[in-house]
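Input: a single structure, listed below in structure tokens.
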Amino acid sequence: MVVAIAPQTLIELGQQEAAIKYQEDNVSGTWSNLNKYAKETPGMAGYDGQSYCVIGLLWLAYRAGDVTILPQTPACDEAITTYQSWSRWSWYPATGAQVMIGDAGQDHTGLVYRWDATRIWTVEFNSNTNGSAEGDGVYLRVRNRADANVYGYGYPKYCSPMVTADPSWVDDPALLKTSSGSAAAYSPYPGADFFRTGRTSPLVLAAAKRLVAVGAGSYTPTADMGPGDITAWGNWHVTCGSPGGAFSGVPSETIWRLLQVPHSH
């Protein structure tokens, strides 16, 4: 069964990952393609050390609650074939679409979080912003829709309608459903790296408001993560029954989901 996941769920998690500025391992001054995304995504560990632009998007879907909303492959060309077999392929962008890049879409991919008449804004794994062909991490990019390398777009199996430029697109009614599940209704877990003092994010503020609301803290919520936030997370960990043992100083995905932090967009 496909978990109810809206486009904004993947978009927000991807933007958070770009804000963290995670980069692949650097070995002896060389970017290695070794990364957490392959290791943490079911079925992808064997591809660690290879290109991970597709795997990064699979990681987002896995974190959101259901990796099967995207094609189960690390290869761009196979992703295109799968989208076409699902009848979820378009030559037009949509919010939450997977853009395929290359003269036949075989080289690279990203997640579209915004588009207009001439451009697309994307979250891209195994990318950079310095013009080099060698990607090293997760970045927000802007591309021209008319660029010869912008090939086409796959539409993941979202639970809500996609805002699309495709004049002929009709959303699959079998997928358009509402859900009380945390994957659709609340912000997905941003990963352990997110929780460090000094982090500034709308998501920090959204989580702080929830921590205060459930009585885990009595501080004034802000968008800047500080010691008060970490203390409140520790209190919430205890309130939830200390899953996994004593609080490690970083909230787990279990207690994050139990807090039901709303999307911060």
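Residue names in the structure tokens use chain letters A, B, ... in the order shown, residue numbers from 1 in each chain, and ligand numbers from 1 in the order shown.
Taking only range 140-195 of chain A, the residues that DSSP calls alpha helix (DSSP H) from the backbone come to Ser182, Ala183, Ala184 and Ala185 of chain A.
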Show me, as CSV, the residues of range 147-204 of chain A having an atom within 10 Å of range 108-129 of chain A, each with the closest atom pair and its distance in Å, using only C-alpha atoms.
residue,atom,partner,partner_atom,distance
A:Asp147,CA,A:Arg119,CA,9.3
A:Asn149,CA,A:His108,CA,9.3
A:Val150,CA,A:Thr109,CA,9.3
A:Tyr151,CA,A:Thr109,CA,9.9
A:Gly152,CA,A:Thr109,CA,10.0
A:Tyr153,CA,A:Val112,CA,9.1
A:Gly154,CA,A:Leu111,CA,9.7
A:Val163,CA,A:Arg114,CA,9.5
A:Thr164,CA,A:Trp115,CA,8.8
A:Ala165,CA,A:Ala117,CA,8.5
Serialized selection, C-alpha atoms, as a PDB file, in the first residue's frame:
ATOM      1  CA  ASP A 147      18.159  23.885 -21.756  1.00  0.00           C
ATOM      2  CA  ASN A 149      19.913  18.870 -21.119  1.00  0.00           C
ATOM      3  CA  VAL A 150      16.540  19.270 -19.395  1.00  0.00           C
ATOM      4  CA  TYR A 151      14.923  16.208 -20.932  1.00  0.00           C
ATOM      5  CA  GLY A 152      11.613  15.517 -19.190  1.00  0.00           C
ATOM      6  CA  TYR A 153       9.849  14.829 -15.915  1.00  0.00           C
ATOM      7  CA  GLY A 154       8.667  11.837 -13.911  1.00  0.00           C
ATOM      8  CA  VAL A 163       0.709  21.698  -9.647  1.00  0.00           C
ATOM      9  CA  THR A 164       1.859  21.147 -13.214  1.00  0.00           C
ATOM     10  CA  ALA A 165       2.494  22.996 -16.455  1.00  0.00           C
TER      11      ALA A 165
END
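For the residues A:Pro227, A:Cys53, A:Leu259, A:Ala246, ranking by smallest atom-to-atom distance to Val212 in chain A using only C-alpha atoms places A:Leu259 first.
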Quiz item: Out of range 10-242 of chain A, which residues get strand (DSSP E) from DSSP, as number ranges by chain?
Solution: A: 26-27, 30-31, 89-90, 98-101, 108-115, 119-127, 137-144, 150-154
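Using only C-alpha atoms, the smallest distance between any of A:Tyr62, A:Tyr155, A:Trp89, A:Trp169 and Met44 in chain A comes from A:Tyr62.
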If we count only C-alpha atoms and set the cut-off at 10 Å, which residues sit around Leu176 in chain A, ignoring sequence neighbours fewer than 3 positions away in its own chain? Please answer as a PDB file with C-alpha atoms, in the first residue's frame.
ATOM      1  CA  ALA A   4      -0.066   9.107   1.571  1.00  0.00           C
ATOM      2  CA  ILE A   5       2.798  11.465   0.710  1.00  0.00           C
ATOM      3  CA  ALA A   6       2.246  14.939  -0.711  1.00  0.00           C
ATOM      4  CA  LYS A 157       2.965   8.561  -6.901  1.00  0.00           C
ATOM      5  CA  TYR A 158       1.826  11.379  -4.630  1.00  0.00           C
ATOM      6  CA  CYS A 159      -1.443  11.355  -2.684  1.00  0.00           C
ATOM      7  CA  SER A 160      -2.448  14.887  -3.684  1.00  0.00           C
ATOM      8  CA  PRO A 161      -2.718  16.731  -7.017  1.00  0.00           C
ATOM      9  CA  ASP A 171      -4.007  12.990 -11.626  1.00  0.00           C
ATOM     10  CA  ASP A 172      -4.610   9.324 -10.834  1.00  0.00           C
ATOM     11  CA  PRO A 173      -7.801   9.248  -8.719  1.00  0.00           C
ATOM     12  CA  SER A 179      -4.571  10.369   5.421  1.00  0.00           C
TER      13      SER A 179
END
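Taking CA of Pro74 in chain A and CA of Gly131 in chain A as endpoints, the distance between them is 23.4 Å.
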Quiz item: Near Leu60 in chain A, within 8 Å and counting only C-alpha atoms, which residues show up once chain neighbours fewer than 5 positions away are dropped, as a list in words?
Solution: Leu10, Leu13, Gly14 and Val67 of chain A
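With CA of Ile55 in chain A on one side and CA of Tyr22 in chain A on the other, the separation reads 14.5 Å.
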With range 18-21 of chain A as the partner and 7 Å as the cut-off, tabulate the residues of range 76-187 of chain A that qualify, each row holding the nearest pair of atoms and their distance in Å to one decimal, using only C-alpha atoms, sorted by chain and rising number, as a tab-separated table.
residue	atom	partner	partner_atom	distance
A:Val138	CA	A:Ala18	CA	5.1
A:Tyr139	CA	A:Ala18	CA	5.1
A:Leu140	CA	A:Ala18	CA	6.5
The selected residues should be written to file as an mmCIF file, in the first residue's frame (atoms: all heavy atoms).
data_model
loop_
_atom_site.group_PDB
_atom_site.id
_atom_site.type_symbol
_atom_site.label_atom_id
_atom_site.label_comp_id
_atom_site.auth_asym_id
_atom_site.auth_seq_id
_atom_site.Cartn_x
_atom_site.Cartn_y
_atom_site.Cartn_z
ATOM 1 N N VAL A 138 24.642 18.043 -1.711
ATOM 2 C CA VAL A 138 23.243 18.367 -1.983
ATOM 3 C C VAL A 138 23.107 19.876 -2.119
ATOM 4 O O VAL A 138 23.534 20.622 -1.235
ATOM 5 C CB VAL A 138 22.327 17.863 -0.853
ATOM 6 C CG1 VAL A 138 20.855 18.012 -1.250
ATOM 7 C CG2 VAL A 138 22.646 16.421 -0.501
ATOM 8 N N TYR A 139 22.500 20.322 -3.219
ATOM 9 C CA TYR A 139 22.424 21.755 -3.491
ATOM 10 C C TYR A 139 21.069 22.121 -4.083
ATOM 11 O O TYR A 139 20.403 21.295 -4.720
ATOM 12 C CB TYR A 139 23.515 22.166 -4.488
ATOM 13 C CG TYR A 139 24.923 21.972 -3.969
ATOM 14 C CD1 TYR A 139 25.589 20.763 -4.137
ATOM 15 C CD2 TYR A 139 25.573 23.001 -3.296
ATOM 16 C CE1 TYR A 139 26.879 20.575 -3.659
ATOM 17 C CE2 TYR A 139 26.864 22.835 -2.815
ATOM 18 C CZ TYR A 139 27.509 21.620 -2.995
ATOM 19 O OH TYR A 139 28.778 21.450 -2.514
ATOM 20 N N LEU A 140 20.698 23.388 -3.897
ATOM 21 C CA LEU A 140 19.558 23.970 -4.583
ATOM 22 C C LEU A 140 20.062 24.592 -5.878
ATOM 23 O O LEU A 140 21.032 25.355 -5.863
ATOM 24 C CB LEU A 140 18.871 25.026 -3.706
ATOM 25 C CG LEU A 140 18.362 24.549 -2.346
ATOM 26 C CD1 LEU A 140 17.675 25.703 -1.611
ATOM 27 C CD2 LEU A 140 17.415 23.368 -2.484
#
Practice problem: For range 57-59 of chain A, work out the shell of residues within 7 Å, counting only C-alpha atoms and skipping chain neighbours fewer than 5 positions away, then give it as a PyMOL selection string. | Solution: chain A and resi 37+41+67+70
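Taking only C-alpha atoms into account, Ser32 in chain A lies nearest to A:Gly135 out of the set A:Ala64, A:Gly135, A:Ser248, A:Ile69.
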Practice problem: Do a neighbour search on Thr197 in chain A at 8 Å with only C-alpha atoms, toss out local chain neighbours closer than 4 positions, and write the hits as a ChimeraX atom specification. | Solution: /A:224-227
Quiz item: Which polymer residues have any atom within 12 Å of an atom of Trp236 in chain A, counting only C-alpha atoms, with same-chain residues fewer than 6 positions away left out, as an MDAnalysis selection string?
Solution: chainID A and resid 207:208 210:217 229:230 242:243 246:247 249:252 254:259
